[in-house]
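Trainee: So that you have it, the file is start.tsv, and it contains TSV, C-alpha atoms and all ligand atoms:
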chain	number	residue	atom	x	y	z
J	169	MET	CA	1.92	-24.26	-11.70
J	170	ALA	CA	3.00	-21.68	-14.25
J	171	SER	CA	5.85	-19.23	-14.57
J	172	TYR	CA	5.21	-15.46	-14.36
J	173	ASN	CA	7.51	-12.51	-15.03
J	174	LEU	CA	6.27	-9.77	-12.78
J	175	ASN	CA	7.27	-6.11	-12.61
J	176	VAL	CA	7.57	-5.47	-8.89
J	177	ASN	CA	9.12	-2.31	-7.47
J	178	GLY	CA	10.77	-1.59	-10.81
J	179	LYS	CA	12.40	-4.98	-11.24
J	180	THR	CA	11.36	-8.03	-13.20
J	181	MET	CA	10.89	-11.00	-10.91
J	182	THR	CA	10.04	-14.52	-11.98
J	183	VAL	CA	7.82	-16.73	-9.87
J	184	GLU	CA	6.34	-20.20	-10.24
J	185	ALA	CA	2.81	-20.27	-8.89
J	186	ASP	CA	-0.69	-21.53	-9.48
J	187	PRO	CA	-2.58	-19.03	-11.67
J	188	ASP	CA	-5.15	-18.24	-8.99
J	189	THR	CA	-2.57	-17.46	-6.28
J	190	PRO	CA	-3.34	-14.04	-4.79
J	191	MET	CA	-0.56	-11.47	-5.33
J	192	LEU	CA	-0.48	-10.97	-1.56
J	193	TRP	CA	1.01	-14.45	-1.16
J	194	VAL	CA	3.29	-14.09	-4.17
J	195	LEU	CA	4.70	-10.91	-2.62
J	196	ARG	CA	5.06	-12.32	0.87
J	197	ASP	CA	5.95	-15.98	0.28
J	198	HIS	CA	7.69	-15.98	-3.11
J	199	LEU	CA	9.38	-12.57	-3.11
J	200	ASN	CA	9.84	-12.05	0.63
J	201	LEU	CA	8.25	-8.58	0.47
J	202	VAL	CA	6.56	-8.92	3.83
J	203	GLY	CA	5.66	-5.26	4.37
J	204	THR	CA	2.31	-6.05	2.75
J	205	LYS	CA	0.09	-7.67	5.35
J	206	PHE	CA	-2.74	-10.20	5.44
J	207	GLY	CA	-5.81	-9.07	7.36
J	208	CYS	CA	-9.14	-10.34	6.14
J	209	GLY	CA	-8.42	-11.94	2.75
J	210	ILE	CA	-11.74	-10.68	1.39
J	211	ALA	CA	-10.95	-7.11	0.25
J	212	GLN	CA	-12.42	-5.50	3.36
J	213	CYS	CA	-9.58	-4.31	5.57
J	214	GLY	CA	-6.93	-2.88	3.21
J	215	ALA	CA	-3.93	-4.37	5.08
J	216	CYS	CA	-2.79	-5.90	1.77
J	217	THR	CA	-2.94	-2.64	-0.25
J	218	VAL	CA	-0.30	-2.22	-2.96
J	219	HIS	CA	-0.26	-0.19	-6.18
J	220	LEU	CA	-1.11	-1.56	-9.61
J	221	ASN	CA	0.15	1.07	-12.07
J	222	GLY	CA	-0.05	3.65	-9.26
J	223	GLU	CA	-3.62	2.80	-8.21
J	224	ALA	CA	-4.26	1.38	-4.74
J	225	ILE	CA	-5.57	-2.17	-4.99
J	226	ARG	CA	-6.13	-4.99	-2.53
J	227	SER	CA	-3.59	-7.67	-3.35
J	228	CYS	CA	-5.53	-10.42	-1.57
J	229	GLN	CA	-8.02	-10.25	-4.45
J	230	LEU	CA	-5.58	-9.92	-7.35
J	231	GLN	CA	-4.66	-13.24	-8.96
J	232	VAL	CA	-1.10	-13.57	-10.18
J	233	ALA	CA	-2.29	-14.70	-13.62
J	234	SER	CA	-4.09	-11.40	-14.18
J	235	VAL	CA	-1.11	-9.11	-13.44
J	236	GLY	CA	0.66	-9.41	-16.82
J	237	ASN	CA	3.00	-6.48	-17.53
J	238	ASN	CA	1.29	-4.14	-15.12
J	239	LYS	CA	3.51	-2.51	-12.51
J	240	ILE	CA	3.19	-3.52	-8.89
J	241	THR	CA	4.58	-1.28	-6.16
J	242	THR	CA	4.72	-2.37	-2.55
J	243	ILE	CA	5.61	-0.35	0.56
J	244	GLU	CA	9.22	-1.51	0.05
J	245	GLY	CA	9.25	0.21	-3.36
J	246	LEU	CA	7.37	3.41	-2.47
J	247	SER	CA	10.62	5.30	-1.83
J	248	LYS	CA	14.29	4.49	-1.81
J	249	ASP	CA	15.07	5.13	1.83
J	250	GLY	CA	11.68	5.32	3.49
J	251	ASP	CA	11.68	9.04	2.74
J	252	HIS	CA	8.43	9.48	0.83
J	253	PRO	CA	6.67	12.62	2.20
J	254	LEU	CA	3.97	10.36	3.65
J	255	GLN	CA	6.51	8.17	5.43
J	256	LYS	CA	8.16	11.28	6.90
J	257	ALA	CA	4.79	12.73	7.94
J	258	TRP	CA	3.80	9.39	9.51
J	259	GLU	CA	6.95	9.54	11.60
J	260	GLU	CA	6.50	13.20	12.54
J	261	ILE	CA	2.88	12.74	13.64
J	262	ASP	CA	3.75	9.36	15.21
J	263	VAL	CA	0.75	7.74	13.53
J	264	ALA	CA	1.31	4.04	14.13
J	265	GLN	CA	0.22	2.11	17.18
J	266	CYS	CA	0.65	-1.65	16.63
J	267	GLY	CA	1.60	-0.79	13.04
J	268	TYR	CA	-0.08	-3.77	11.40
J	269	CYS	CA	-2.34	-1.79	9.08
J	270	GLN	CA	0.06	1.06	8.37
J	271	ALA	CA	1.81	-0.12	5.19
J	272	GLY	CA	-1.60	-0.52	3.58
J	273	GLN	CA	-2.69	2.88	4.90
J	274	ILE	CA	0.38	4.61	3.46
J	275	MET	CA	-0.08	2.92	0.07
J	276	ALA	CA	-3.73	4.00	-0.01
J	277	ALA	CA	-2.72	7.55	0.98
J	278	ALA	CA	0.02	7.68	-1.70
J	279	SER	CA	-2.48	6.79	-4.37
J	280	LEU	CA	-4.87	9.45	-3.04
J	281	LEU	CA	-2.18	12.18	-3.13
J	282	LYS	CA	-1.30	11.32	-6.72
J	283	LYS	CA	-4.89	12.06	-7.69
J	284	LYS	CA	-5.51	14.89	-5.21
J	285	PRO	CA	-2.31	16.61	-4.09
J	286	LYS	CA	-4.25	18.77	-1.58
J	287	PRO	CA	-7.10	16.58	-0.34
J	288	THR	CA	-9.81	17.89	1.99
J	289	ASP	CA	-10.94	16.01	5.10
J	290	ALA	CA	-13.91	14.80	3.06
J	291	ASP	CA	-11.62	13.51	0.27
J	292	ILE	CA	-9.53	11.66	2.84
J	293	ASP	CA	-12.55	10.18	4.63
J	294	ALA	CA	-14.10	9.08	1.32
J	295	THR	CA	-10.93	7.35	0.10
J	296	MET	CA	-9.17	6.07	3.19
J	297	ASN	CA	-11.43	3.17	4.06
J	298	ASN	CA	-8.66	0.89	5.30
J	299	ILE	CA	-9.46	-0.51	8.73
J	300	CYS	CA	-7.25	0.26	11.74
J	301	ARG	CA	-8.17	-1.72	14.83
J	302	CYS	CA	-6.02	0.64	16.92
J	303	GLY	CA	-8.07	3.66	15.84
J	304	THR	CA	-5.32	5.80	14.29
J	305	HIS	CA	-7.63	7.29	11.64
J	306	TYR	CA	-7.49	10.79	13.11
J	307	ARG	CA	-3.68	10.84	13.05
J	308	ILE	CA	-3.65	9.32	9.55
J	309	ARG	CA	-5.75	12.23	8.35
J	310	LYS	CA	-3.39	14.70	10.04
J	311	ALA	CA	-0.34	13.04	8.49
J	312	ILE	CA	-1.86	13.11	5.00
J	313	HIS	CA	-2.46	16.87	5.36
J	314	LEU	CA	1.12	17.35	6.57
J	315	ALA	CA	2.54	15.36	3.65
J	316	ALA	CA	0.37	17.36	1.24
J	317	GLU	CA	1.67	20.64	2.71
J	318	LYS	CA	5.24	19.46	2.29
J	319	GLY	CA	4.95	18.47	-1.32
J	320	GLY	CA	2.86	15.32	-1.21
J	321	VAL	CA	3.97	13.17	-4.08
J	322	SER	CA	7.71	12.63	-4.17
J	323	LYS	CA	7.74	10.83	-7.52
J	401	LIG	S1	-6.29	-8.74	3.48
J	401	LIG	FE1	-6.81	-7.80	1.61
J	401	LIG	S2	-8.33	-6.37	2.15
J	401	LIG	FE2	-7.96	-7.45	4.00
J	402	LIG	S1	-2.02	0.69	14.00
J	402	LIG	FE1	-2.78	-1.18	14.78
J	402	LIG	S2	-4.19	-1.83	13.30
J	402	LIG	FE2	-3.68	0.15	12.67
As structure tokens, how would this structure be written, given the file I've shared?
Ligand code: FES
Ligand code: FES
Mentor:
Amino acid sequence: MASYNLNVNGKTMTVEADPDTPMLWVLRDHLNLVGTKFGCGIAQCGACTVHLNGEAIRSCQLQVASVGNNKITTIEGLSKDGDHPLQKAWEEIDVAQCGYCQAGQIMAAASLLKKKPKPTDADIDATMNNICRCGTHYRIRKAIHLAAEKGGVSK
């Protein structure tokens, strides 16, 4: 066990954990940020996607010891009141079915819009490789375009 000061959603949080503990479990079990989900545990599905300094990463493969001072943002920290343009577009298009993959999808989309404020279908298809077992990919694409039209990146 070791002690880590982590910058999560703009706050410093201290956790005691084994160095090789995946951030996914630190977020969920130590910090009670359960919006980030476990799917495959092997960096394939994207359910565990969070941001590391604004870049989408798969937290099931990020060891707590390697985070250092880098900034982690989870779905809980993406916007203050769930009002990020992507969250509003998701609601307007009614994207989610079971919802399990959707926090990871939104975090991946937020990182995409930071790099490409007006992505094409091809940009979206190339970047959004998170798995949705309910098959909402078509509506995800539509919602990303809607968010982009309405201003895309809120912060
Ligand atoms: S749980 Fe991390 S990619 Fe599937
Ligand atoms: S909405 Fe069910 S897995 Fe994506």
Trainee: Interatomic distance between CA of Met169 in chain J and CA of Gly214 in chain J?
Mentor: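 Straight-line distance from CA of Met169 in chain J to CA of Gly214 in chain J works out to 27.5 Å.
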Trainee: Enclose ligand LIG 401 (chain J), meaning all of its atoms listed in the file, in a box aligned along x, y and z, pad it by 4 Å on each side, and list the centre and edge lengths in Å to one decimal, as JSON.
Mentor:
{"center_x": -7.3, "center_y": -7.6, "center_z": 2.8, "size_x": 10.0, "size_y": 10.4, "size_z": 10.4}
Trainee: Tell me which protein, DNA and RNA residues are within 8 Å of range 177-194 of chain J, counting only C-alpha atoms, leaving out same-chain ones fewer than 2 positions away, and put them as an MDAnalysis selection string.
Mentor: chainID J and resid 169:175 196:199 204:206 216 227:233 239:242 244:246
Trainee: Check which residues fall inside 8 Å of ligand LIG 402 (chain J) when counting only C-alpha atoms and all ligand atoms, and print them as a VMD selection string.
Mentor: chain J and resid 263 to 270 299 to 304
Trainee: Would you pick out the contacts of Gln212 in chain J at 9 Å or less, using all atoms listed in the file, so that residues sharing its chain but fewer than 5 positions from it are not included, and give the list as a PDB file with C-alpha atoms, keeping the file's coordinate frame?
Mentor:
ATOM      1  CA  GLY J 207      -5.810  -9.070   7.360  1.00  0.00           C
ATOM      2  CA  ARG J 226      -6.130  -4.990  -2.530  1.00  0.00           C
ATOM      3  CA  ASN J 297     -11.430   3.170   4.060  1.00  0.00           C
ATOM      4  CA  ASN J 298      -8.660   0.890   5.300  1.00  0.00           C
ATOM      5  CA  ILE J 299      -9.460  -0.510   8.730  1.00  0.00           C
TER       6      ILE J 299
END
Trainee: Within 12 Å of Glu259 in chain J, counting all atoms listed in the file, which residues qualify if same-chain residues fewer than 2 places away don't, as a PDB file with C-alpha atoms, keeping the file's coordinate frame?
Mentor:
ATOM      1  CA  GLY J 250      11.680   5.320   3.490  1.00  0.00           C
ATOM      2  CA  ASP J 251      11.680   9.040   2.740  1.00  0.00           C
ATOM      3  CA  HIS J 252       8.430   9.480   0.830  1.00  0.00           C
ATOM      4  CA  PRO J 253       6.670  12.620   2.200  1.00  0.00           C
ATOM      5  CA  LEU J 254       3.970  10.360   3.650  1.00  0.00           C
ATOM      6  CA  GLN J 255       6.510   8.170   5.430  1.00  0.00           C
ATOM      7  CA  LYS J 256       8.160  11.280   6.900  1.00  0.00           C
ATOM      8  CA  ALA J 257       4.790  12.730   7.940  1.00  0.00           C
ATOM      9  CA  ILE J 261       2.880  12.740  13.640  1.00  0.00           C
ATOM     10  CA  ASP J 262       3.750   9.360  15.210  1.00  0.00           C
ATOM     11  CA  VAL J 263       0.750   7.740  13.530  1.00  0.00           C
ATOM     12  CA  ALA J 264       1.310   4.040  14.130  1.00  0.00           C
ATOM     13  CA  GLN J 265       0.220   2.110  17.180  1.00  0.00           C
ATOM     14  CA  GLY J 267       1.600  -0.790  13.040  1.00  0.00           C
ATOM     15  CA  GLN J 270       0.060   1.060   8.370  1.00  0.00           C
ATOM     16  CA  ILE J 274       0.380   4.610   3.460  1.00  0.00           C
ATOM     17  CA  ARG J 307      -3.680  10.840  13.050  1.00  0.00           C
ATOM     18  CA  ILE J 308      -3.650   9.320   9.550  1.00  0.00           C
ATOM     19  CA  LYS J 310      -3.390  14.700  10.040  1.00  0.00           C
ATOM     20  CA  ALA J 311      -0.340  13.040   8.490  1.00  0.00           C
ATOM     21  CA  ILE J 312      -1.860  13.110   5.000  1.00  0.00           C
ATOM     22  CA  LEU J 314       1.120  17.350   6.570  1.00  0.00           C
ATOM     23  CA  ALA J 315       2.540  15.360   3.650  1.00  0.00           C
TER      24      ALA J 315
END
Trainee: What is the CA of Gly203 in chain J-CA of Leu220 in chain J distance in Å, reported with one decimal?
Mentor: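 Pair CA of Gly203 in chain J / CA of Leu220 in chain J returns 16.0 Å.
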Trainee: Using all atoms listed in the file, find the one residue out of J:Lys318, J:Asn237, J:Gln273, J:Ile292 that sits nearest to ligand LIG 401 (chain J).
Mentor: J:Gln273
Trainee: Of the residues J:Val202, J:Ala278, J:Ala294, J:Ile225, which is the one nearest to Trp258 in chain J, using all atoms listed in the file?
Mentor: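 Nearest candidate to Trp258 in chain J out of J:Val202, J:Ala278, J:Ala294, J:Ile225: J:Ala278.
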Trainee: CA of His313 in chain J and CA of Asp289 in chain J are how many Å apart?
Mentor: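 Those two atoms sit 8.5 Å apart.
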Trainee: Pick out the closest residue to ligand LIG 401 (chain J) from this set: J:Val176, J:Ile243, J:Leu201, J:Cys208. Count all atoms listed in the file.
Mentor: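 Smallest separation from ligand LIG 401 (chain J) among the options: J:Cys208.
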Trainee: Skip range 279-282 of chain J itself and residues of its chain fewer than 6 positions away, then list as a list in words all residues within 9 Å of it, counting all atoms listed in the file.
Mentor: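 My reading of the contact set: His219, Gly222, Glu223, Ala224, Asp291, Ile292, Thr295, Met296, Ile312, Ala315, Ala316, Gly320 and Val321 of chain J.
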Trainee: My list of candidates is J:Lys248, J:Glu260, J:Asn200, J:Gly272. Which is closest to ligand LIG 401 (chain J) when distances are computed with only C-alpha atoms and all ligand atoms?
Mentor: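 Of J:Lys248, J:Glu260, J:Asn200, J:Gly272, the one nearest ligand LIG 401 (chain J) is J:Gly272, counting only C-alpha atoms and all ligand atoms.
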Trainee: Considering all atoms listed in the file, state which residue in the set J:Asn221, J:Arg309, J:Ala290, J:Ser234 is at the smallest distance from Ala277 in chain J.
Mentor: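 Closest residue, counting all atoms listed in the file: J:Arg309.
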Trainee: Which residue is closest to ligand LIG 401 (chain J)? Choose from J:Val235, J:Met275, J:Val218, J:Cys213 and count all atoms listed in the file.
Mentor: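 Looking at the shortest contact to ligand LIG 401 (chain J), the residue is J:Cys213.
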